[in-house]
Amino acid sequence: MHNISIKINDKAYSIREGSTILEACREVGIEVPTLCHHPKVNISGNCRICVVEIEGWNTLATACVTPIIPNMVVRTHSPKVIESRKIVANLLLAAHNCDCLVCDTAGICELQDLAYDLGIDSRTRLFDSFESLEEVDDSSPVLKYDPSKCIMCTRCVKACRDIQGKGIIAVLNRGVDMRVGTGVNLLDISDCDGCGECVQICPTGALSAKFPMGVRSWEVEKTRTSCSYCGVGCQLDMWVHDNKLVKVEGSDIIPNYGSTCVKGRYGHTFLDSEDRLTTPLIKRNGEFVEATWDEAIALIGEKIGKIREESGPDSIAGLSSARVTNEENYLFQKMIRAAVGTNNVDHCARLCHASTVAGLAAAFGSGAMTNSIAELEHAKCILVTGSNTTETHPVIATIIKRAVREHGAKLIVVDPRRIDLVEHATLWLRQKNGTDVAWMNGLMNVIISENLQDEAYISERTEDFEAVSEIVKSFTPEMVEEITTIPAEKIRKAARIFATAEVSSIVYSMGITQHTTGTDNVLSTANLAMLTGNVGKPSGGVNPLRGQNNVQGACDLGALPNVYPGYQKVADPASQKKFEKAWGRKLSKDNGLTVVEIINSLESGDVKGLIIMGENPMVSDPNLNHVEKALESAEFLVVCDIFMTETAEKADVVLPAASFAEKEGTFTNTERRVILLRKFLDAPGEARPDWKIICDLSTSFGYPMSYANPAEIMNEIASVTPIYGGMRHSRIQDTGLQWPCPDESHPGTMYLHKGEFKRGRGKFHPVDFIPPAEIPDAEYPFILSTGRILFHYHTGSMSRRAPALNEYVSGAYAEIHPHDVDRLGLVDGGPVSISTRRGQIETTVRSTEMVAIGSVFVPFHFAEAAANRLTNDALDPKAKIPELKVAACQVARIQ
Amino acid sequence: MEKKVLLAENQPEFGAGFELALTMSPADVVFIVRDSGIKGRGGAGFPTGIKWNLAGAASSDVKYVICNADEGEPGTFKDRVLLEKYSERLIEGMAIGGYAIGSSHGIIYLRAEYSYLIPTIEDARKNMIARGLLGKNIRGKGYDFDVEIRTGSGAYICGEETALIESLEGKSGFPRNKPPFPVNSGYLNKPTIVNNVETFCAVPHIILGGPEWYADLGIGDCSGTKLFSISGDVEKPGVYELPMGAPLKDLIDLAGAGDIQAVQVGGASGRTIPATETHRSLSFDDLPPGGSVIVFDSTVNMLEVLENFMEFFVHESCGQCVPCREGTLQLMYAVDDLISGDICSEESLSDYFRLAEAMRITSKCGLGQTAVNCFVDIINNFVDFTDECVSGKCCCERGDR
Amino acid sequence: MLRNPEEIVADGIKEFGSEHESIMQLLTKVNEELSWIPTIAIEAIAKATGISVAEVYSVVSFYSFFSIEPRGRNIVRLCSTISCTMTGQGKILEALIDEFGIEPFETTDDGRLTIETTPCIGLCDQAPAMLVNGEPHVKLTPEKACDIVHGLE
């Protein structure tokens, strides 16, 4: 594209061909007002505010739409233009409910700004409004739509359809009756999940948060920080007034570019919940009594010290947290390793992606997402399996949908449930739960037998291909159909699409990892990706979506029993030496215990003292009846949290922590991006950031720790963690940095294994199919699976304190196929009992074809009907991850 | 005087023009149409030959020929008459268009109000197929062409060609931003020509008679003949074919009218003139020759006529652009106020004249740009503010006097 | 016997396909057969074409001939544009209202009749005119119009 000459306002410019007049004007610094135009959505050209005069034209031209042509003479502020803009603005104002005195949008309203710029006051207003005010639609739990403030710019409609891939709202009616709505006018009866993309893009107060901010827009202070819910790591602008969060907006920056989900935007009301922990509590005679920090810390120092003295350091364990910062995870494992002297440190990643870490490290040399979130948009084929992305990683789901909708990617979904992405998929393979190795071997069988594999890649970049090629021979589509119930023809189709696409990406999550064959499943994804040459290139790869905001970071920083920070092995004497030197203490050479092993050892008495920071195993861990007994048998239990969780109830000492809002530090999101957390609220009462608490605890254990701030901790992390070698708080103020980032001049790494795998050659691992540990039988005939839903998060300690989220879903339920509902005499919305060999819950029936006949799905967020009372704690032998996704259960009516 | 070509008693056989065109190169067909000087008979007056040339030059394996049979302009019914009697001619014209631009797909977008004509058009299509003039490998020339009929569903705006295309694509009829133009990116984003029923019907005659013959049919610089629908206060309402450029008076004389207060030419979006101006010509340079002429005698209250039209535009504005959506409403309110007497002076209308001008130059499509014509013309030509209140019942100072 | 809307849609998809551009034809088919477009038809069309329900609604609500309210099995559309109003449309409308007891855009209780007014239907040369179930009736008088409507099933 070359430049062409045009004249704007009597001055000559040379502008890139293909630019619109608006782009040209903005490029040279000439302000042209707009209303319907927004860079994130397609141009509508509807408001006619950006009109300009072009010499030789009878009518005015819309600057946002009209491309420049050579020698065009443009006037952006001629009398004719200004007159027209004033008339059009007056028309809008005549139809607008100018309730600026009480409108939350006042001060940030684009119509208000336009009226101001054009100098339209009530004396010069031209036309009267003849419309009576229409009713506000406030049927959504989080949004409201006030048609009297709507200027019909249609940005919201496009945002919902094109950015979010939902199309829940559309333009209704014609002419002056035009409105935005779902079809029958109400926002709540459709599938609106309250992401608020429409609210954020609305130029006026037509679409707004349901509840007013209670403060004018110019009175707030905005702070950008990272979302504390899932692993996407959305950047949020927090609007704060008087130490109260009044509004959340998505920041227009990587990775979410303004988008959020309903939790990110409307789910942070837990922060000023009245039941936040505000003071240390010590349990005396079965009752918690308030204590000072000094008392609490002294007591912990004494008790833990005594256990260590009597039973040795390995009788103590710590559960770190995927919720807290990198700095805190680093300090926590340092405290357990250096101050206590054991490697008994783990966290809930054990329950989600331990198999990923084990499997991908074995295959590639690194156990994280190989590629980045944004790259997904340009993949030509995306295979999503075991991830209900729309609910668990909502913003990533929007990118997958855009890849399909805007860029023609083929989407293959392999999932036992009819998840939302199925509606966008080219192909849906519905496998029987726990048969993932079989279908992946089946895909590879087809690819190899049809000679679709990437030979050059296999020979240049990988090893041990033959072993895999041998083992998949028997996995013919027909044989796979028998195991998985996926029709053979679909296996063939999927294999061809995946293998022949220019670049294919695998996206998976807990549906792959939470199995006794979790590591095998992960190895299979790696095999499939290497077979087709898709690792080490943009938009390809194997992409495990990490669940929690900082589960990646907690793993990276060594909150695992077998590795130090940066996955440096405990078993490697050189690493041990390195850390002994850095931390000035003799370290244990033995791998520590994993989460489920720690729980088991509490019961057996091998572990007596346990320190839990920000985790809630009383809801999140498998086989809760067992967990409960174990925690009760602990000699001394310390829990550090922001709320009195089900786990904290069992503690001897509870320490009040500051939330993500009240401290600084970093998270590492699912794409290995280290992102900044900024403080925007003061912590309630005496609550303290975990990093300060750890310093005090460590000091009380005889290993003094003291840091000025988290930035200083990050400097220490960088000095001992090669993949974080270049991380500094000062470097990640804007977009963050993706590891590996070995030194301060390194720009970070968008995708891994470019040119060479971390481990040298990618290693194929032959994997045979092994059925799940527990399969349905006559006594327990149903397959039970558990997971997350959009509106709640993990054990619900945050999301269930957000009234808006509770309005969407307030309690537990079990998804059961209508056929089974009828057969068992159940009623949709009625009670049901679900039991397994480990326990029983009573919950509510949700009759839905989401699940297959013979299957039950129960979200695990709800302590009162905790799915994990049912789940199986059988472990994957390699990664020690429990089989949360498959259990055999009974479903019964409650009389 | 009438000059009947499209409506002539003795007409060339259906298909003769198409058969002749098939002996020429597509480019030559385009040149003939271009040289005939024919401009779009729907009213916008874009030169048909230029449109076809651009679509012919656009490279695409799939292109579309669309007939705009969404005749919705109030007072216009000439296309209905053509469809009733000359559907074969229309399909023949479309086939020639398809051959010229390299398209095998023709679509007739018929307004829902004319659904009763579907059997007639379908019969014409079958006749053409029976005679080997539609289908695969027509006359052994390796050229395929067929047409399908689709209907609108009651939306005047779909007469705008890009709104029509949106409607065909299964969407609301919101006019598109231009560029791109349909000749490059039209139906399903493929190169597309959209022409009026009358335009397609004229094309076979042009091919048979030659471009010079056709051009000479018109008066002065105008080319060809034109169909006009005339109704209102006339003795013989109906469709008449006149040379393009003929004086309005000739048409009125044919239909027979004595007492003339006003004539509206070109429908609700056209111009409204007093009897003293009937000498003016029906041409793209003067009175819009879209096809509608309505005569009003001296008993008609022109403000009521204006009210009827403004209600029409409020009802039919698609609503996507602000000046049209809100502007038509405000103009309608102004007319209501004139009728009720709440507005009774020219000064108090000045803001509405400013509005009309802004609508004309800022609206997204022709609807909003021309919806102001009747307002401006009727108020300027037929409302007398000099003597007393127009309403005669207002309570303003002048009224009280 | 009226057919089930989903059945009509399924039939329409066989005839017109399930592409986005089939939507108008599908809606027209339902609208003609049932006189209106029930929600389940909209949902069925949305599902078949992969377009969201709201977007299909959007199309339905744009076009005057489509209705999301039940209408009578006979629909009278009386032209309300100038050539017809000049020739007595007002009297005809009054007569119809008196005779059948419904205002424009209302439906008789027995579900037999809906009367609508509509912009120009292109029959100005034979004004006043109306469409009855799509068929034109011209040069109307109040008596003639009422007779025609009485004659409907």
# chains A, B, ... in the order shown; residues from 1 in each chain; ligands from 1
call {"tool": "closest_atom_pairs", "arguments": {"of": "chain C", "to": "chain A", "cutoff": "6 Å", "atoms": "only C-alpha atoms", "output": "JSON lines"}}
result
{"residue": "C:Ser52", "atom": "CA", "partner": "A:Gly167", "partner_atom": "CA", "distance": 5.7}
{"residue": "C:Ala54", "atom": "CA", "partner": "A:Thr182", "partner_atom": "CA", "distance": 4.9}
{"residue": "C:Glu55", "atom": "CA", "partner": "A:Ala170", "partner_atom": "CA", "distance": 5.5}
{"residue": "C:Tyr57", "atom": "CA", "partner": "A:Gly183", "partner_atom": "CA", "distance": 5.2}
{"residue": "C:Ser58", "atom": "CA", "partner": "A:Leu172", "partner_atom": "CA", "distance": 4.6}
{"residue": "C:Ser61", "atom": "CA", "partner": "A:Asn173", "partner_atom": "CA", "distance": 4.6}
{"residue": "C:Phe62", "atom": "CA", "partner": "A:Asn173", "partner_atom": "CA", "distance": 4.8}
call {"tool": "interface_residues", "arguments": {"of": "chain A", "to": "chain B", "cutoff": "6 Å", "atoms": "only C-alpha atoms", "output": "short mmCIF file (atom, residue, chain, number, x, y, z; two decimals) with N, CA and C atoms, in the first residue's frame"}}
result
data_model
loop_
_atom_site.label_atom_id
_atom_site.label_comp_id
_atom_site.auth_asym_id
_atom_site.auth_seq_id
_atom_site.Cartn_x
_atom_site.Cartn_y
_atom_site.Cartn_z
N ASN A 46 -23.78 4.57 11.36
CA ASN A 46 -25.18 4.87 11.60
C ASN A 46 -25.46 6.23 12.24
N CYS A 47 -24.52 6.72 13.05
CA CYS A 47 -24.89 7.91 13.83
C CYS A 47 -24.80 9.18 13.01
N THR A 59 -23.79 15.35 -1.13
CA THR A 59 -24.13 15.10 0.27
C THR A 59 -22.84 15.02 1.08
N LEU A 60 -22.98 15.01 2.38
CA LEU A 60 -21.80 14.86 3.22
C LEU A 60 -21.38 13.38 3.25
N SER A 84 -24.78 20.35 10.41
CA SER A 84 -25.37 19.00 10.30
C SER A 84 -25.15 18.21 11.58
N VAL A 88 -28.09 16.66 13.91
CA VAL A 88 -28.16 15.23 14.23
C VAL A 88 -28.07 15.01 15.74
N LEU A 91 -31.29 15.80 17.26
CA LEU A 91 -32.27 14.72 17.06
C LEU A 91 -32.08 13.63 18.11
N ARG A 174 -38.25 -1.71 13.79
CA ARG A 174 -37.79 -0.91 12.67
C ARG A 174 -38.07 0.55 12.99
N GLY A 175 -37.26 1.42 12.41
CA GLY A 175 -37.52 2.85 12.54
C GLY A 175 -37.52 3.34 13.98
N VAL A 176 -38.46 4.22 14.30
CA VAL A 176 -38.46 4.80 15.65
C VAL A 176 -38.75 3.77 16.74
#
call {"tool": "select_by_dssp", "arguments": {"residues": "range 482-630 of chain A", "states": "helix (DSSP H, G or I)", "output": "ChimeraX atom specification"}}
result
/A:482-484,488-500,510-513,518-531,551-556,565-567,573-583,595-604,617-620,624-630
call {"tool": "residues_around", "arguments": {"residues": "range 18-26 of chain B", "least_positions_apart": "3", "cutoff": "10 Å", "atoms": "only C-alpha atoms", "output": "NGL selection string"}}
result
:B and (14-15 or 29-32 or 53 or 56 or 89 or 91-102 or 133 or 138-141 or 143 or 203-205 or 207-208)
call {"tool": "interface_residues", "arguments": {"of": "chain C", "to": "chain B", "cutoff": "7 Å", "atoms": "only C-alpha atoms", "output": "PDB file with N, CA and C atoms, in the first residue's frame"}}
result
ATOM      1  N   HIS C  20     -28.096 -19.127   6.137  1.00  0.00           N
ATOM      2  CA  HIS C  20     -28.603 -17.855   6.662  1.00  0.00           C
ATOM      3  C   HIS C  20     -29.606 -17.238   5.673  1.00  0.00           C
ATOM      4  N   GLU C  21     -29.282 -17.344   4.383  1.00  0.00           N
ATOM      5  CA  GLU C  21     -30.128 -16.679   3.387  1.00  0.00           C
ATOM      6  C   GLU C  21     -31.479 -17.364   3.178  1.00  0.00           C
ATOM      7  N   SER C  22     -31.677 -18.490   3.848  1.00  0.00           N
ATOM      8  CA  SER C  22     -32.991 -19.139   3.735  1.00  0.00           C
ATOM      9  C   SER C  22     -33.998 -18.577   4.734  1.00  0.00           C
ATOM     10  N   ILE C  23     -33.514 -17.769   5.652  1.00  0.00           N
ATOM     11  CA  ILE C  23     -34.368 -17.358   6.767  1.00  0.00           C
ATOM     12  C   ILE C  23     -35.661 -16.665   6.323  1.00  0.00           C
ATOM     13  N   MET C  24     -35.540 -15.751   5.363  1.00  0.00           N
ATOM     14  CA  MET C  24     -36.743 -15.044   4.909  1.00  0.00           C
ATOM     15  C   MET C  24     -37.767 -16.020   4.341  1.00  0.00           C
ATOM     16  N   VAL C  59     -35.093 -10.168  12.577  1.00  0.00           N
ATOM     17  CA  VAL C  59     -35.596 -10.179  11.203  1.00  0.00           C
ATOM     18  C   VAL C  59     -37.122 -10.163  11.201  1.00  0.00           C
ATOM     19  N   PHE C  62     -38.586  -6.811  11.909  1.00  0.00           N
ATOM     20  CA  PHE C  62     -38.287  -5.748  10.949  1.00  0.00           C
ATOM     21  C   PHE C  62     -39.386  -5.631   9.892  1.00  0.00           C
ATOM     22  N   TYR C  63     -39.931  -6.761   9.495  1.00  0.00           N
ATOM     23  CA  TYR C  63     -40.832  -6.773   8.344  1.00  0.00           C
ATOM     24  C   TYR C  63     -42.298  -6.703   8.767  1.00  0.00           C
ATOM     25  N   SER C  64     -43.031  -5.789   8.136  1.00  0.00           N
ATOM     26  CA  SER C  64     -44.424  -5.549   8.532  1.00  0.00           C
ATOM     27  C   SER C  64     -45.330  -6.756   8.329  1.00  0.00           C
ATOM     28  N   PHE C  65     -45.043  -7.581   7.344  1.00  0.00           N
ATOM     29  CA  PHE C  65     -45.944  -8.695   7.060  1.00  0.00           C
ATOM     30  C   PHE C  65     -45.790  -9.843   8.057  1.00  0.00           C
ATOM     31  N   PHE C  66     -44.670  -9.865   8.765  1.00  0.00           N
ATOM     32  CA  PHE C  66     -44.489 -10.910   9.772  1.00  0.00           C
ATOM     33  C   PHE C  66     -45.131 -10.463  11.080  1.00  0.00           C
ATOM     34  N   THR C  81     -52.450   4.482   1.561  1.00  0.00           N
ATOM     35  CA  THR C  81     -51.687   5.559   0.944  1.00  0.00           C
ATOM     36  C   THR C  81     -52.603   6.423   0.082  1.00  0.00           C
ATOM     37  N   ILE C  82     -52.044   7.521  -0.355  1.00  0.00           N
ATOM     38  CA  ILE C  82     -52.827   8.684  -0.764  1.00  0.00           C
ATOM     39  C   ILE C  82     -53.857   8.424  -1.866  1.00  0.00           C
ATOM     40  N   SER C  83     -53.476   7.666  -2.897  1.00  0.00           N
ATOM     41  CA  SER C  83     -54.440   7.480  -3.984  1.00  0.00           C
ATOM     42  C   SER C  83     -55.673   6.758  -3.482  1.00  0.00           C
ATOM     43  N   PRO C 119     -49.083   0.411   3.709  1.00  0.00           N
ATOM     44  CA  PRO C 119     -48.726   1.404   2.698  1.00  0.00           C
ATOM     45  C   PRO C 119     -48.987   0.871   1.293  1.00  0.00           C
ATOM     46  N   CYS C 120     -48.874   1.751   0.347  1.00  0.00           N
ATOM     47  CA  CYS C 120     -49.208   1.528  -1.063  1.00  0.00           C
ATOM     48  C   CYS C 120     -48.976   0.097  -1.528  1.00  0.00           C
ATOM     49  N   ILE C 121     -50.039  -0.498  -2.089  1.00  0.00           N
ATOM     50  CA  ILE C 121     -49.915  -1.864  -2.603  1.00  0.00           C
ATOM     51  C   ILE C 121     -49.883  -1.894  -4.127  1.00  0.00           C
ATOM     52  N   GLY C 122     -49.669  -0.723  -4.716  1.00  0.00           N
ATOM     53  CA  GLY C 122     -49.448  -0.681  -6.168  1.00  0.00           C
ATOM     54  C   GLY C 122     -50.700  -0.918  -6.987  1.00  0.00           C
ATOM     55  N   LEU C 123     -51.856  -0.541  -6.441  1.00  0.00           N
ATOM     56  CA  LEU C 123     -53.102  -0.699  -7.205  1.00  0.00           C
ATOM     57  C   LEU C 123     -53.803   0.656  -7.319  1.00  0.00           C
ATOM     58  N   CYS C 124     -52.995   1.727  -7.349  1.00  0.00           N
ATOM     59  CA  CYS C 124     -53.515   3.091  -7.297  1.00  0.00           C
ATOM     60  C   CYS C 124     -54.443   3.393  -8.471  1.00  0.00           C
ATOM     61  N   ASP C 125     -54.224   2.711  -9.597  1.00  0.00           N
ATOM     62  CA  ASP C 125     -55.074   2.972 -10.756  1.00  0.00           C
ATOM     63  C   ASP C 125     -56.473   2.401 -10.564  1.00  0.00           C
ATOM     64  N   GLY C 134     -53.613 -11.946   0.460  1.00  0.00           N
ATOM     65  CA  GLY C 134     -52.654 -11.790  -0.630  1.00  0.00           C
ATOM     66  C   GLY C 134     -53.268 -11.510  -1.984  1.00  0.00           C
ATOM     67  N   GLU C 135     -54.576 -11.732  -2.112  1.00  0.00           N
ATOM     68  CA  GLU C 135     -55.213 -11.503  -3.415  1.00  0.00           C
ATOM     69  C   GLU C 135     -55.754 -10.075  -3.496  1.00  0.00           C
TER      70      GLU C 135
END
call {"tool": "closest_residue", "arguments": {"among": "C:Ser18, C:Thr108, C:Thr85, C:Ser80", "to": "Leu131 in chain C", "atoms": "only C-alpha atoms"}}
result
C:Ser80
call {"tool": "residues_around", "arguments": {"residues": "Gln840 in chain A", "least_positions_apart": "2", "cutoff": "10 Å", "atoms": "only C-alpha atoms", "output": "PDB file with N, CA and C atoms, in the first residue's frame"}}
result
ATOM      1  N   ASN A 625     -15.353 -37.230  52.958  1.00  0.00           N
ATOM      2  CA  ASN A 625     -15.563 -37.852  54.271  1.00  0.00           C
ATOM      3  C   ASN A 625     -14.222 -38.268  54.871  1.00  0.00           C
ATOM      4  N   SER A 833     -31.096 -38.122  45.337  1.00  0.00           N
ATOM      5  CA  SER A 833     -29.952 -38.581  46.131  1.00  0.00           C
ATOM      6  C   SER A 833     -28.938 -39.217  45.187  1.00  0.00           C
ATOM      7  N   ILE A 834     -27.687 -38.834  45.374  1.00  0.00           N
ATOM      8  CA  ILE A 834     -26.631 -39.430  44.571  1.00  0.00           C
ATOM      9  C   ILE A 834     -25.614 -40.025  45.524  1.00  0.00           C
ATOM     10  N   SER A 835     -25.278 -41.271  45.293  1.00  0.00           N
ATOM     11  CA  SER A 835     -24.319 -41.887  46.209  1.00  0.00           C
ATOM     12  C   SER A 835     -23.300 -42.727  45.457  1.00  0.00           C
ATOM     13  N   THR A 836     -22.141 -42.812  46.062  1.00  0.00           N
ATOM     14  CA  THR A 836     -21.085 -43.675  45.544  1.00  0.00           C
ATOM     15  C   THR A 836     -20.602 -44.527  46.706  1.00  0.00           C
ATOM     16  N   ARG A 837     -19.597 -45.297  46.433  1.00  0.00           N
ATOM     17  CA  ARG A 837     -19.063 -46.149  47.501  1.00  0.00           C
ATOM     18  C   ARG A 837     -18.457 -45.332  48.637  1.00  0.00           C
ATOM     19  N   ARG A 838     -18.249 -44.013  48.406  1.00  0.00           N
ATOM     20  CA  ARG A 838     -17.588 -43.194  49.420  1.00  0.00           C
ATOM     21  C   ARG A 838     -18.516 -42.258  50.177  1.00  0.00           C
ATOM     22  N   GLU A 842     -27.499 -35.106  48.831  1.00  0.00           N
ATOM     23  CA  GLU A 842     -28.844 -34.836  48.349  1.00  0.00           C
ATOM     24  C   GLU A 842     -28.800 -33.500  47.636  1.00  0.00           C
ATOM     25  N   THR A 843     -29.344 -33.489  46.451  1.00  0.00           N
ATOM     26  CA  THR A 843     -29.285 -32.255  45.682  1.00  0.00           C
ATOM     27  C   THR A 843     -30.526 -32.137  44.813  1.00  0.00           C
ATOM     28  N   ALA A 865     -23.819 -29.700  49.330  1.00  0.00           N
ATOM     29  CA  ALA A 865     -24.041 -30.954  48.594  1.00  0.00           C
ATOM     30  C   ALA A 865     -22.757 -31.202  47.831  1.00  0.00           C
ATOM     31  N   ALA A 866     -21.720 -31.436  48.573  1.00  0.00           N
ATOM     32  CA  ALA A 866     -20.378 -31.419  48.006  1.00  0.00           C
ATOM     33  C   ALA A 866     -20.138 -32.628  47.113  1.00  0.00           C
ATOM     34  N   ALA A 867     -19.874 -32.334  45.851  1.00  0.00           N
ATOM     35  CA  ALA A 867     -19.620 -33.394  44.879  1.00  0.00           C
ATOM     36  C   ALA A 867     -18.469 -34.270  45.343  1.00  0.00           C
ATOM     37  N   ASN A 868     -17.548 -33.661  46.068  1.00  0.00           N
ATOM     38  CA  ASN A 868     -16.368 -34.422  46.458  1.00  0.00           C
ATOM     39  C   ASN A 868     -16.604 -35.388  47.625  1.00  0.00           C
ATOM     40  N   ARG A 869     -17.835 -35.407  48.128  1.00  0.00           N
ATOM     41  CA  ARG A 869     -18.152 -36.510  49.048  1.00  0.00           C
ATOM     42  C   ARG A 869     -18.292 -37.813  48.246  1.00  0.00           C
ATOM     43  N   LEU A 870     -18.481 -37.628  46.930  1.00  0.00           N
ATOM     44  CA  LEU A 870     -18.748 -38.772  46.067  1.00  0.00           C
ATOM     45  C   LEU A 870     -17.522 -39.238  45.298  1.00  0.00           C
ATOM     46  N   CYS A 889     -21.895 -44.258  40.276  1.00  0.00           N
ATOM     47  CA  CYS A 889     -22.805 -43.757  41.306  1.00  0.00           C
ATOM     48  C   CYS A 889     -24.205 -44.330  41.145  1.00  0.00           C
ATOM     49  N   GLN A 890     -24.968 -44.166  42.197  1.00  0.00           N
ATOM     50  CA  GLN A 890     -26.397 -44.478  42.190  1.00  0.00           C
ATOM     51  C   GLN A 890     -27.165 -43.173  42.165  1.00  0.00           C
ATOM     52  N   VAL A 891     -28.298 -43.180  41.480  1.00  0.00           N
ATOM     53  CA  VAL A 891     -29.172 -42.011  41.488  1.00  0.00           C
ATOM     54  C   VAL A 891     -30.515 -42.502  41.986  1.00  0.00           C
TER      55      VAL A 891
END
call {"tool": "decode", "arguments": {"residues": "range 88-99 of chain C", "atoms": "N, CA, C and O atoms", "output": "short mmCIF file (atom, residue, chain, number, x, y, z; two decimals), in the first residue's frame"}}
result
data_model
loop_
_atom_site.label_atom_id
_atom_site.label_comp_id
_atom_site.auth_asym_id
_atom_site.auth_seq_id
_atom_site.Cartn_x
_atom_site.Cartn_y
_atom_site.Cartn_z
N GLY C 88 -61.68 7.32 -0.97
CA GLY C 88 -62.68 6.79 -0.05
C GLY C 88 -62.22 5.66 0.85
O GLY C 88 -63.04 4.94 1.43
N GLN C 89 -60.93 5.51 1.01
CA GLN C 89 -60.44 4.44 1.87
C GLN C 89 -60.96 4.59 3.30
O GLN C 89 -61.27 3.60 3.96
N GLY C 90 -61.06 5.83 3.75
CA GLY C 90 -61.48 6.09 5.12
C GLY C 90 -62.85 5.48 5.40
O GLY C 90 -63.09 4.87 6.44
N LYS C 91 -63.77 5.66 4.47
CA LYS C 91 -65.14 5.14 4.65
C LYS C 91 -65.13 3.62 4.69
O LYS C 91 -65.89 2.99 5.43
N ILE C 92 -64.26 3.05 3.86
CA ILE C 92 -64.19 1.58 3.81
C ILE C 92 -63.68 1.05 5.14
O ILE C 92 -64.23 0.09 5.69
N LEU C 93 -62.66 1.70 5.64
CA LEU C 93 -62.09 1.25 6.91
C LEU C 93 -63.14 1.36 8.01
O LEU C 93 -63.32 0.43 8.80
N GLU C 94 -63.85 2.48 8.04
CA GLU C 94 -64.92 2.66 9.04
C GLU C 94 -65.94 1.55 8.93
O GLU C 94 -66.37 0.97 9.94
N ALA C 95 -66.31 1.25 7.71
CA ALA C 95 -67.32 0.22 7.49
C ALA C 95 -66.84 -1.14 8.00
O ALA C 95 -67.58 -1.88 8.65
N LEU C 96 -65.59 -1.43 7.71
CA LEU C 96 -65.03 -2.71 8.16
C LEU C 96 -64.98 -2.77 9.68
O LEU C 96 -65.30 -3.80 10.29
N ILE C 97 -64.58 -1.66 10.28
CA ILE C 97 -64.49 -1.61 11.75
C ILE C 97 -65.89 -1.82 12.35
O ILE C 97 -66.07 -2.62 13.27
N ASP C 98 -66.87 -1.12 11.79
CA ASP C 98 -68.24 -1.26 12.30
C ASP C 98 -68.76 -2.68 12.11
O ASP C 98 -69.33 -3.27 13.01
N GLU C 99 -68.53 -3.17 10.92
CA GLU C 99 -69.12 -4.45 10.56
C GLU C 99 -68.52 -5.60 11.36
O GLU C 99 -69.21 -6.52 11.78
#
